[in-house]
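K.L.:
Contents of start_32.cif (mmCIF, C-alpha atoms):
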data_run
loop_
_atom_site.label_atom_id
_atom_site.label_comp_id
_atom_site.auth_asym_id
_atom_site.auth_seq_id
_atom_site.Cartn_x
_atom_site.Cartn_y
_atom_site.Cartn_z
CA MET A 1 -10.58 -29.67 59.41
CA GLU A 2 -11.11 -25.92 59.67
CA PRO A 3 -13.42 -24.32 57.10
CA ILE A 4 -11.79 -21.98 54.55
CA SER A 5 -12.41 -18.38 55.39
CA LEU A 6 -14.25 -16.24 52.82
CA ARG A 7 -11.28 -13.92 52.96
CA THR A 8 -9.04 -16.42 51.19
CA PRO A 9 -11.04 -16.67 47.89
CA LEU A 10 -11.59 -12.93 47.95
CA ALA A 11 -7.89 -12.29 48.37
CA LEU A 12 -7.07 -14.69 45.53
CA LEU A 13 -9.63 -12.96 43.32
CA LEU A 14 -8.16 -9.55 44.03
CA ILE A 15 -4.63 -10.83 43.41
CA SER A 16 -5.74 -12.38 40.09
CA LEU A 17 -7.49 -9.21 38.98
CA GLY A 18 -4.47 -7.17 39.94
CA ALA A 19 -2.17 -9.46 37.97
CA ILE A 20 -4.41 -9.28 34.90
CA ALA A 21 -4.58 -5.48 35.13
CA ALA A 22 -0.80 -5.29 35.48
CA ILE A 23 -0.29 -7.48 32.43
CA TRP A 24 -2.68 -5.42 30.29
CA TRP A 25 -1.03 -2.21 31.49
CA TRP A 26 2.37 -3.62 30.55
CA LEU A 27 1.15 -4.70 27.10
CA ALA A 28 -0.30 -1.23 26.47
CA THR A 29 2.83 0.64 27.50
CA PRO A 30 4.18 2.68 24.56
CA ILE A 31 7.52 1.52 23.21
CA MET A 32 10.14 4.13 22.43
CA LEU A 33 11.64 3.25 19.06
CA ALA A 34 15.18 4.10 18.13
CA ARG A 35 15.41 6.96 15.68
CA ALA A 36 15.95 5.77 12.13
CA PRO A 37 19.52 6.41 10.95
CA ILE A 38 18.35 8.89 8.32
CA ASP A 39 19.56 12.42 7.89
CA PRO A 40 16.66 14.62 9.10
CA ALA A 41 17.36 16.94 6.19
CA ALA A 42 17.17 14.12 3.63
CA LYS A 43 14.04 13.58 1.56
CA LEU A 44 12.12 10.33 1.20
CA LEU A 45 12.78 8.54 -2.07
CA CYS A 46 9.07 8.38 -2.87
CA VAL A 47 5.65 8.47 -1.18
CA SER A 48 2.35 6.91 -2.16
CA TYR A 49 -0.23 9.58 -2.88
CA ALA A 50 -4.01 9.47 -2.58
CA PRO A 51 -5.61 12.94 -2.48
CA PHE A 52 -8.92 12.17 -0.82
CA ARG A 53 -9.97 14.40 2.08
CA ASP A 54 -12.93 14.35 4.44
CA ALA A 55 -15.92 12.86 2.57
CA GLN A 56 -14.05 12.47 -0.73
CA THR A 57 -13.83 8.83 -1.78
CA PRO A 58 -12.53 6.90 -4.79
CA LEU A 59 -15.49 4.54 -4.39
CA LEU A 60 -17.70 7.10 -6.14
CA GLU A 61 -16.94 7.53 -9.85
CA THR A 62 -18.34 11.07 -9.66
CA THR A 63 -15.61 12.15 -7.21
CA GLN A 64 -13.33 14.66 -8.93
CA ILE A 65 -10.40 16.24 -7.11
CA ALA A 66 -9.86 19.87 -8.07
CA PRO A 67 -6.50 20.80 -9.60
CA GLN A 68 -6.00 23.36 -6.82
CA GLN A 69 -6.21 20.64 -4.16
CA LEU A 70 -3.79 18.40 -6.05
CA ALA A 71 -1.36 21.27 -6.53
CA GLU A 72 -1.52 22.13 -2.84
CA ASP A 73 -0.80 18.53 -1.84
CA LEU A 74 2.07 18.12 -4.28
CA ALA A 75 3.68 21.37 -3.17
CA GLN A 76 3.69 20.05 0.40
CA LEU A 77 4.98 16.63 -0.63
CA ALA A 78 7.80 18.20 -2.64
CA LYS A 79 9.22 19.43 0.67
CA ILE A 80 9.72 15.88 1.97
CA SER A 81 10.12 13.72 -1.14
CA ASP A 82 11.36 13.74 -4.71
CA CYS A 83 8.64 11.45 -6.03
CA VAL A 84 5.02 10.37 -5.65
CA ARG A 85 3.38 7.08 -6.54
CA THR A 86 -0.22 7.13 -7.75
CA TYR A 87 -2.65 4.23 -8.03
CA SER A 88 -4.86 5.28 -10.94
CA ILE A 89 -5.86 8.12 -13.26
CA ASP A 90 -9.45 8.24 -11.94
CA ASN A 91 -11.02 11.06 -9.91
CA GLY A 92 -8.81 13.70 -11.51
CA LEU A 93 -5.50 11.96 -10.80
CA ASP A 94 -4.60 12.11 -14.49
CA GLN A 95 -3.60 15.71 -13.70
CA VAL A 96 -0.83 14.65 -11.30
CA PRO A 97 2.08 14.38 -13.80
CA ALA A 98 1.53 17.92 -15.10
CA LEU A 99 1.20 19.39 -11.62
CA ALA A 100 4.11 17.32 -10.25
CA ALA A 101 6.37 18.68 -12.97
CA LYS A 102 5.74 22.22 -11.73
CA VAL A 103 7.14 21.43 -8.27
CA GLY A 104 9.97 19.17 -9.40
CA LEU A 105 8.43 15.82 -8.45
CA LYS A 106 8.86 12.58 -10.36
CA VAL A 107 5.87 10.24 -10.68
CA ILE A 108 5.54 6.48 -10.44
CA GLN A 109 2.33 6.27 -12.43
CA GLY A 110 -0.30 3.74 -11.44
CA ILE A 111 -2.79 1.92 -13.65
CA TRP A 112 -5.78 0.61 -11.68
CA LEU A 113 -6.86 -2.79 -12.93
CA GLY A 114 -10.00 -4.66 -11.99
CA SER A 115 -12.53 -7.08 -13.40
CA ASN A 116 -13.92 -4.56 -15.93
CA ARG A 117 -11.88 -4.99 -19.11
CA LEU A 118 -13.17 -1.81 -20.75
CA LYS A 119 -12.14 0.30 -17.76
CA ASN A 120 -8.76 -1.43 -17.75
CA LEU A 121 -8.21 -0.53 -21.40
CA ALA A 122 -9.22 3.10 -20.73
CA GLN A 123 -6.74 3.31 -17.85
CA ILE A 124 -3.96 1.85 -19.97
CA SER A 125 -4.65 4.16 -22.92
CA THR A 126 -4.58 7.27 -20.73
CA VAL A 127 -1.39 6.27 -18.92
CA VAL A 128 0.43 5.38 -22.13
CA GLY A 129 -0.44 8.86 -23.37
CA LEU A 130 0.79 10.45 -20.15
CA THR A 131 4.16 8.69 -20.36
CA LYS A 132 4.66 10.15 -23.83
CA GLN A 133 3.47 13.60 -22.78
CA TYR A 134 5.62 13.73 -19.61
CA PRO A 135 8.71 11.61 -20.37
CA GLY A 136 10.86 13.47 -17.86
CA VAL A 137 8.31 13.18 -15.07
CA ILE A 138 6.94 9.63 -15.16
CA THR A 139 9.80 7.30 -14.25
CA SER A 140 7.92 3.98 -14.21
CA VAL A 141 4.44 2.51 -14.52
CA VAL A 142 2.69 0.22 -12.02
CA VAL A 143 0.31 -2.01 -13.96
CA GLY A 144 -2.23 -3.04 -11.34
CA ASN A 145 -2.33 -2.80 -7.57
CA GLU A 146 -3.17 -5.99 -5.62
CA VAL A 147 -5.53 -7.15 -8.35
CA LEU A 148 -4.43 -10.76 -7.73
CA LEU A 149 -5.03 -10.36 -4.00
CA ARG A 150 -8.56 -9.15 -4.73
CA GLY A 151 -9.10 -12.00 -7.19
CA GLU A 152 -10.21 -9.66 -9.98
CA MET A 153 -7.80 -10.93 -12.65
CA THR A 154 -6.12 -14.19 -13.48
CA THR A 155 -2.35 -14.51 -13.48
CA SER A 156 -2.22 -15.07 -17.24
CA ASP A 157 -4.44 -12.05 -17.98
CA LEU A 158 -2.34 -9.82 -15.73
CA ALA A 159 0.94 -10.99 -17.25
CA ALA A 160 -0.45 -10.39 -20.75
CA THR A 161 -1.59 -6.90 -19.74
CA ILE A 162 1.84 -6.08 -18.32
CA ARG A 163 3.55 -7.21 -21.51
CA SER A 164 1.10 -5.14 -23.57
CA VAL A 165 1.88 -1.99 -21.57
CA LYS A 166 5.63 -2.65 -21.77
CA ALA A 167 5.37 -2.70 -25.55
CA GLN A 168 3.78 0.77 -25.53
CA VAL A 169 5.96 2.72 -23.07
CA SER A 170 9.65 3.47 -22.76
CA VAL A 171 9.86 3.44 -18.95
CA PRO A 172 10.20 0.41 -16.62
CA VAL A 173 6.97 -1.44 -15.85
CA THR A 174 6.04 -3.26 -12.65
CA TYR A 175 3.10 -4.69 -10.71
CA ALA A 176 2.38 -4.15 -6.99
CA ASP A 177 1.13 -6.78 -4.56
CA VAL A 178 1.91 -8.41 -1.22
CA TRP A 179 4.97 -10.65 -1.26
CA GLU A 180 3.14 -14.01 -1.11
CA TYR A 181 1.38 -13.31 -4.42
CA TRP A 182 4.71 -12.75 -6.08
CA LEU A 183 5.88 -16.16 -4.87
CA ARG A 184 2.69 -17.80 -6.11
CA ASN A 185 2.73 -16.20 -9.57
CA ARG A 186 6.07 -16.62 -11.26
CA GLU A 187 4.57 -15.67 -14.62
CA VAL A 188 3.96 -12.13 -13.38
CA TYR A 189 7.50 -11.90 -11.99
CA GLU A 190 8.90 -12.82 -15.38
CA ALA A 191 6.75 -10.18 -17.13
CA VAL A 192 7.84 -7.10 -15.14
CA ASP A 193 11.03 -5.04 -15.21
CA PHE A 194 11.23 -4.97 -11.41
CA VAL A 195 9.20 -6.32 -8.50
CA THR A 196 7.10 -4.02 -6.31
CA ILE A 197 6.18 -5.53 -2.94
CA HIS A 198 3.74 -4.53 -0.20
CA ILE A 199 4.78 -5.60 3.31
CA LEU A 200 1.99 -5.02 5.85
CA PRO A 201 2.65 -7.17 8.95
CA TYR A 202 -0.78 -6.76 10.56
CA TRP A 203 -2.52 -8.24 7.52
CA GLU A 204 -0.02 -11.03 6.84
CA ASP A 205 -1.32 -14.60 6.69
CA PHE A 206 2.05 -15.94 7.82
CA ARG A 207 4.03 -15.22 10.97
CA SER A 208 7.26 -14.80 9.04
CA ALA A 209 8.12 -14.45 5.39
CA PRO A 210 10.14 -17.22 3.74
CA ASN A 211 13.32 -16.50 1.88
CA MET A 212 12.15 -14.52 -1.14
CA PRO A 213 14.29 -15.00 -4.28
CA LEU A 214 12.98 -11.81 -5.88
CA PRO A 215 15.84 -9.65 -7.17
CA MET A 216 15.37 -6.04 -8.28
CA SER A 217 12.63 -5.51 -5.71
CA THR A 218 11.10 -2.29 -4.41
CA ILE A 219 9.07 -2.06 -1.20
CA SER A 220 6.28 0.31 -2.17
CA ALA A 221 4.03 -0.04 0.86
CA SER A 222 4.89 -0.90 4.42
CA GLY A 223 3.71 -0.01 7.89
CA TRP A 224 1.45 -0.85 10.78
CA GLU A 225 -2.16 0.12 11.28
CA SER A 226 -2.75 3.02 13.70
CA ARG A 227 -6.49 2.35 13.62
CA PHE A 228 -7.69 -1.02 12.50
CA ARG A 229 -10.48 -3.52 12.69
CA ALA A 230 -9.80 -6.82 14.40
CA ARG A 231 -8.67 -9.69 12.22
CA LYS A 232 -10.60 -12.94 12.40
CA SER A 233 -9.10 -16.34 11.90
#
Output the structure of this file as structure tokens.
P.N.:
Amino acid sequence: MEPISLRTPLALLLISLGAIAAIWWWLATPIMLARAPIDPAAKLLCVSYAPFRDAQTPLLETTQIAPQQLAEDLAQLAKISDCVRTYSIDNGLDQVPALAAKVGLKVIQGIWLGSNRLKNLAQISTVVGLTKQYPGVITSVVVGNEVLLRGEMTTSDLAATIRSVKAQVSVPVTYADVWEYWLRNREVYEAVDFVTIHILPYWEDFRSAPNMPLPMSTISASGWESRFRARKS
């Protein structure tokens, strides 16, 4: 029996490496997406707005966004949308309704809820006041953003908070979270005027969403990460 030449394993190695490189190249090839069937001249119905630039961060309570920066942002957004959604009234964002009114924008006003009840009450009080001060600007109120996902409130506490806000404002009230938390928490669904869902495929815990019997729903956040950290199982 003739010995195997060293050339044979080397050739197989090179072929394997070439195949692996070809596969990775193919996986990394950009995909040309079909243009969305939207009139280029049409505006977006609404956009989520967070004003933080460079080193500005909402993680610091001392961060205050200047009215000039907010006004500049809103003037630009008014060119592409008729509405902005905010997440809180912290860091100077309580100024958004007044500034939005000047450029013809409507506002979906956010109330940031967390585990601190006193802060929650302060947020609610300010937003209730804003809805009365700017009735033609604020079209709805989002009571909490992914607070169930973060585990900072119980379902019953959130539902009670939503009902409390509804009793104080004259605009529709909702809550925003990823779809699976809506399915798990029927009590919250029954408390809101309409459902606000976040659909973020990269962070989903399921490969496909089940049939979701959630009428009167709005998708308020969707997309794919352009820069992201790796998920771990």
K.L.:
Take the PyMOL selection byres ((chain A and resi 145) around 8), apply it to the structure above, and return the hits as number ranges by chain.
P.N.:
A: 87, 110-113, 142-144, 146-147, 175-177
K.L.:
Could you build a table of the residues in region 145-177 of chain A lying no more than 9 Å from region 187-199 of chain A, giving for each the nearest pair of atoms and their separation in Å rounded to one decimal place, using all atoms listed in the file, ordered by chain and ascending residue number, as JSON lines?
P.N.:
{"residue": "A:Glu146", "atom": "CA", "partner": "A:His198", "partner_atom": "CA", "distance": 8.9}
{"residue": "A:Thr155", "atom": "CA", "partner": "A:Val188", "partner_atom": "CA", "distance": 6.7}
{"residue": "A:Ser156", "atom": "CA", "partner": "A:Glu187", "partner_atom": "CA", "distance": 7.3}
{"residue": "A:Leu158", "atom": "CA", "partner": "A:Val188", "partner_atom": "CA", "distance": 7.1}
{"residue": "A:Ala159", "atom": "CA", "partner": "A:Val188", "partner_atom": "CA", "distance": 5.0}
{"residue": "A:Ala160", "atom": "CA", "partner": "A:Ala191", "partner_atom": "CA", "distance": 8.1}
{"residue": "A:Ile162", "atom": "CA", "partner": "A:Ala191", "partner_atom": "CA", "distance": 6.5}
{"residue": "A:Arg163", "atom": "CA", "partner": "A:Ala191", "partner_atom": "CA", "distance": 6.2}
{"residue": "A:Lys166", "atom": "CA", "partner": "A:Val192", "partner_atom": "CA", "distance": 8.3}
{"residue": "A:Pro172", "atom": "CA", "partner": "A:Asp193", "partner_atom": "CA", "distance": 5.7}
{"residue": "A:Val173", "atom": "CA", "partner": "A:Asp193", "partner_atom": "CA", "distance": 5.5}
{"residue": "A:Thr174", "atom": "CA", "partner": "A:Val192", "partner_atom": "CA", "distance": 4.9}
{"residue": "A:Tyr175", "atom": "CA", "partner": "A:Thr196", "partner_atom": "CA", "distance": 6.0}
{"residue": "A:Ala176", "atom": "CA", "partner": "A:Thr196", "partner_atom": "CA", "distance": 4.8}
{"residue": "A:Asp177", "atom": "CA", "partner": "A:Ile197", "partner_atom": "CA", "distance": 5.4}
K.L.:
Would you mind listing what lies within 9 Å of region 101-108 of chain A as a compact mmCIF listing (two decimals) with C-alpha atoms, keeping the file's coordinate frame, with all atoms listed in the file counted and same-chain residues fewer than 3 positions away left out?
P.N.:
# COMPACT_ATOMS: atom_id res chain seq x y z
CA CYS A 46 9.07 8.38 -2.87
CA SER A 48 2.35 6.91 -2.16
CA ALA A 71 -1.36 21.27 -6.53
CA LEU A 74 2.07 18.12 -4.28
CA ALA A 75 3.68 21.37 -3.17
CA LEU A 77 4.98 16.63 -0.63
CA ALA A 78 7.80 18.20 -2.64
CA SER A 81 10.12 13.72 -1.14
CA ASP A 82 11.36 13.74 -4.71
CA CYS A 83 8.64 11.45 -6.03
CA VAL A 84 5.02 10.37 -5.65
CA ARG A 85 3.38 7.08 -6.54
CA THR A 86 -0.22 7.13 -7.75
CA TYR A 87 -2.65 4.23 -8.03
CA VAL A 96 -0.83 14.65 -11.30
CA PRO A 97 2.08 14.38 -13.80
CA ALA A 98 1.53 17.92 -15.10
CA TYR A 134 5.62 13.73 -19.61
CA GLY A 136 10.86 13.47 -17.86
CA VAL A 137 8.31 13.18 -15.07
CA ILE A 138 6.94 9.63 -15.16
CA THR A 139 9.80 7.30 -14.25
CA SER A 140 7.92 3.98 -14.21
CA VAL A 141 4.44 2.51 -14.52
CA VAL A 142 2.69 0.22 -12.02
K.L.:
May I ask which of the residues A:Gln56, A:Gln69, A:Thr131, A:Gln64 is the closest one to Leu99 (chain A), counting only C-alpha atoms?
P.N.:
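Ranking A:Gln56, A:Gln69, A:Thr131, A:Gln64 by distance to Leu99 (chain A), first place goes to A:Gln69.
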K.L.:
Which residue gives the smallest distance to Asp94 (chain A) among A:Ser115, A:Asn120, A:Ser170, A:Thr126, with only C-alpha atoms counted?
P.N.:
A:Thr126
K.L.:
Measure the distance from CA of Glu180 (chain A) to CA of Thr161 (chain A) in Å and round it to one decimal.
P.N.:
20.5 Å
K.L.:
Ranking A:Gln68, A:Thr62, A:Asn185, A:Asn91 by minimum distance to Ala50 (chain A) and counting all atoms listed in the file, which one comes first?
P.N.:
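The closest residue to Ala50 (chain A) is A:Asn91.
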K.L.:
Separation of CA of Asp90 (chain A) and CA of Glu61 (chain A), in Å?
P.N.:
7.8 Å
K.L.:
As a list in words, please: the residues near Ile65 (chain A) (cut-off 8 Å, all atoms listed in the file, same-chain neighbours under 3 positions excluded).
P.N.:
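With the cut-off at 8 Å, the set is Pro51, Phe52, Gln69, Leu70, Asn91, Gly92 and Leu93 of chain A.
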K.L.:
Please compute the CA of Leu200 (chain A)-CA of Val178 (chain A) distance, one decimal, in Å.
P.N.:
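Atom-to-atom, CA of Leu200 (chain A) to CA of Val178 (chain A), that is 7.8 Å.
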K.L.:
Give me, as a VMD selection string, all polymer residues having an atom no more than 10 Å from Val169 (chain A), counting all atoms listed in the file and skipping those fewer than 5 positions away in the same chain.
P.N.:
chain A and resid 127 to 132 135 140 to 141 164
K.L.:
Generate the missing atoms of region 119-130 of chain A up to all heavy atoms and report them as a PDB file, in the coordinates of the input.
P.N.:
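Below is the file that was written, selection03.pdb:
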ATOM      1  N   LYS A 119     -12.767  -0.700 -18.623  1.00  0.00           N
ATOM      2  CA  LYS A 119     -12.140   0.300 -17.760  1.00  0.00           C
ATOM      3  C   LYS A 119     -10.620   0.103 -17.734  1.00  0.00           C
ATOM      4  O   LYS A 119      -9.859   1.073 -17.711  1.00  0.00           O
ATOM      5  CB  LYS A 119     -12.713   0.209 -16.343  1.00  0.00           C
ATOM      6  CG  LYS A 119     -14.116   0.761 -16.212  1.00  0.00           C
ATOM      7  CD  LYS A 119     -14.558   0.763 -14.754  1.00  0.00           C
ATOM      8  CE  LYS A 119     -15.947   1.386 -14.617  1.00  0.00           C
ATOM      9  NZ  LYS A 119     -16.386   1.405 -13.189  1.00  0.00           N
ATOM     10  N   ASN A 120     -10.197  -1.145 -17.729  1.00  0.00           N
ATOM     11  CA  ASN A 120      -8.760  -1.430 -17.750  1.00  0.00           C
ATOM     12  C   ASN A 120      -8.115  -0.840 -19.008  1.00  0.00           C
ATOM     13  O   ASN A 120      -7.057  -0.202 -18.950  1.00  0.00           O
ATOM     14  CB  ASN A 120      -8.500  -2.931 -17.698  1.00  0.00           C
ATOM     15  CG  ASN A 120      -8.904  -3.559 -16.378  1.00  0.00           C
ATOM     16  OD1 ASN A 120      -9.156  -2.870 -15.397  1.00  0.00           O
ATOM     17  ND2 ASN A 120      -8.952  -4.879 -16.355  1.00  0.00           N
ATOM     18  N   LEU A 121      -8.756  -1.042 -20.145  1.00  0.00           N
ATOM     19  CA  LEU A 121      -8.210  -0.530 -21.400  1.00  0.00           C
ATOM     20  C   LEU A 121      -8.172   0.996 -21.407  1.00  0.00           C
ATOM     21  O   LEU A 121      -7.220   1.603 -21.936  1.00  0.00           O
ATOM     22  CB  LEU A 121      -9.046  -1.039 -22.576  1.00  0.00           C
ATOM     23  CG  LEU A 121      -8.938  -2.538 -22.874  1.00  0.00           C
ATOM     24  CD1 LEU A 121      -9.932  -2.941 -23.958  1.00  0.00           C
ATOM     25  CD2 LEU A 121      -7.511  -2.899 -23.295  1.00  0.00           C
ATOM     26  N   ALA A 122      -9.192   1.634 -20.805  1.00  0.00           N
ATOM     27  CA  ALA A 122      -9.220   3.100 -20.730  1.00  0.00           C
ATOM     28  C   ALA A 122      -8.082   3.606 -19.849  1.00  0.00           C
ATOM     29  O   ALA A 122      -7.422   4.610 -20.185  1.00  0.00           O
ATOM     30  CB  ALA A 122     -10.566   3.573 -20.200  1.00  0.00           C
ATOM     31  N   GLN A 123      -7.850   2.941 -18.738  1.00  0.00           N
ATOM     32  CA  GLN A 123      -6.740   3.310 -17.850  1.00  0.00           C
ATOM     33  C   GLN A 123      -5.411   3.205 -18.587  1.00  0.00           C
ATOM     34  O   GLN A 123      -4.572   4.112 -18.540  1.00  0.00           O
ATOM     35  CB  GLN A 123      -6.721   2.393 -16.627  1.00  0.00           C
ATOM     36  CG  GLN A 123      -7.813   2.635 -15.605  1.00  0.00           C
ATOM     37  CD  GLN A 123      -7.374   3.534 -14.468  1.00  0.00           C
ATOM     38  OE1 GLN A 123      -6.192   3.641 -14.149  1.00  0.00           O
ATOM     39  NE2 GLN A 123      -8.327   4.191 -13.850  1.00  0.00           N
ATOM     40  N   ILE A 124      -5.222   2.085 -19.271  1.00  0.00           N
ATOM     41  CA  ILE A 124      -3.960   1.850 -19.970  1.00  0.00           C
ATOM     42  C   ILE A 124      -3.744   2.899 -21.060  1.00  0.00           C
ATOM     43  O   ILE A 124      -2.648   3.470 -21.181  1.00  0.00           O
ATOM     44  CB  ILE A 124      -3.957   0.433 -20.581  1.00  0.00           C
ATOM     45  CG1 ILE A 124      -3.887  -0.606 -19.461  1.00  0.00           C
ATOM     46  CG2 ILE A 124      -2.787   0.260 -21.551  1.00  0.00           C
ATOM     47  CD1 ILE A 124      -4.159  -2.020 -19.929  1.00  0.00           C
ATOM     48  N   SER A 125      -4.777   3.179 -21.838  1.00  0.00           N
ATOM     49  CA  SER A 125      -4.650   4.160 -22.920  1.00  0.00           C
ATOM     50  C   SER A 125      -4.253   5.528 -22.389  1.00  0.00           C
ATOM     51  O   SER A 125      -3.364   6.192 -22.948  1.00  0.00           O
ATOM     52  CB  SER A 125      -5.975   4.254 -23.677  1.00  0.00           C
ATOM     53  OG  SER A 125      -5.911   5.248 -24.681  1.00  0.00           O
ATOM     54  N   THR A 126      -4.888   5.948 -21.301  1.00  0.00           N
ATOM     55  CA  THR A 126      -4.580   7.270 -20.730  1.00  0.00           C
ATOM     56  C   THR A 126      -3.150   7.318 -20.201  1.00  0.00           C
ATOM     57  O   THR A 126      -2.419   8.288 -20.440  1.00  0.00           O
ATOM     58  CB  THR A 126      -5.567   7.597 -19.596  1.00  0.00           C
ATOM     59  OG1 THR A 126      -6.892   7.643 -20.128  1.00  0.00           O
ATOM     60  CG2 THR A 126      -5.236   8.949 -18.967  1.00  0.00           C
ATOM     61  N   VAL A 127      -2.734   6.271 -19.498  1.00  0.00           N
ATOM     62  CA  VAL A 127      -1.390   6.270 -18.920  1.00  0.00           C
ATOM     63  C   VAL A 127      -0.309   6.203 -19.992  1.00  0.00           C
ATOM     64  O   VAL A 127       0.721   6.883 -19.891  1.00  0.00           O
ATOM     65  CB  VAL A 127      -1.241   5.120 -17.903  1.00  0.00           C
ATOM     66  CG1 VAL A 127       0.228   4.960 -17.478  1.00  0.00           C
ATOM     67  CG2 VAL A 127      -2.104   5.382 -16.673  1.00  0.00           C
ATOM     68  N   VAL A 128      -0.540   5.420 -21.022  1.00  0.00           N
ATOM     69  CA  VAL A 128       0.430   5.380 -22.130  1.00  0.00           C
ATOM     70  C   VAL A 128       0.598   6.777 -22.711  1.00  0.00           C
ATOM     71  O   VAL A 128       1.716   7.229 -22.988  1.00  0.00           O
ATOM     72  CB  VAL A 128      -0.033   4.381 -23.213  1.00  0.00           C
ATOM     73  CG1 VAL A 128       0.806   4.546 -24.484  1.00  0.00           C
ATOM     74  CG2 VAL A 128       0.079   2.948 -22.693  1.00  0.00           C
ATOM     75  N   GLY A 129      -0.519   7.485 -22.862  1.00  0.00           N
ATOM     76  CA  GLY A 129      -0.440   8.860 -23.370  1.00  0.00           C
ATOM     77  C   GLY A 129       0.311   9.778 -22.425  1.00  0.00           C
ATOM     78  O   GLY A 129       1.096  10.632 -22.870  1.00  0.00           O
ATOM     79  N   LEU A 130       0.102   9.613 -21.134  1.00  0.00           N
ATOM     80  CA  LEU A 130       0.790  10.450 -20.150  1.00  0.00           C
ATOM     81  C   LEU A 130       2.303  10.215 -20.156  1.00  0.00           C
ATOM     82  O   LEU A 130       3.090  11.154 -20.000  1.00  0.00           O
ATOM     83  CB  LEU A 130       0.224  10.192 -18.758  1.00  0.00           C
ATOM     84  CG  LEU A 130      -1.186  10.727 -18.482  1.00  0.00           C
ATOM     85  CD1 LEU A 130      -1.686  10.243 -17.127  1.00  0.00           C
ATOM     86  CD2 LEU A 130      -1.221  12.257 -18.530  1.00  0.00           C
TER      87      LEU A 130
END
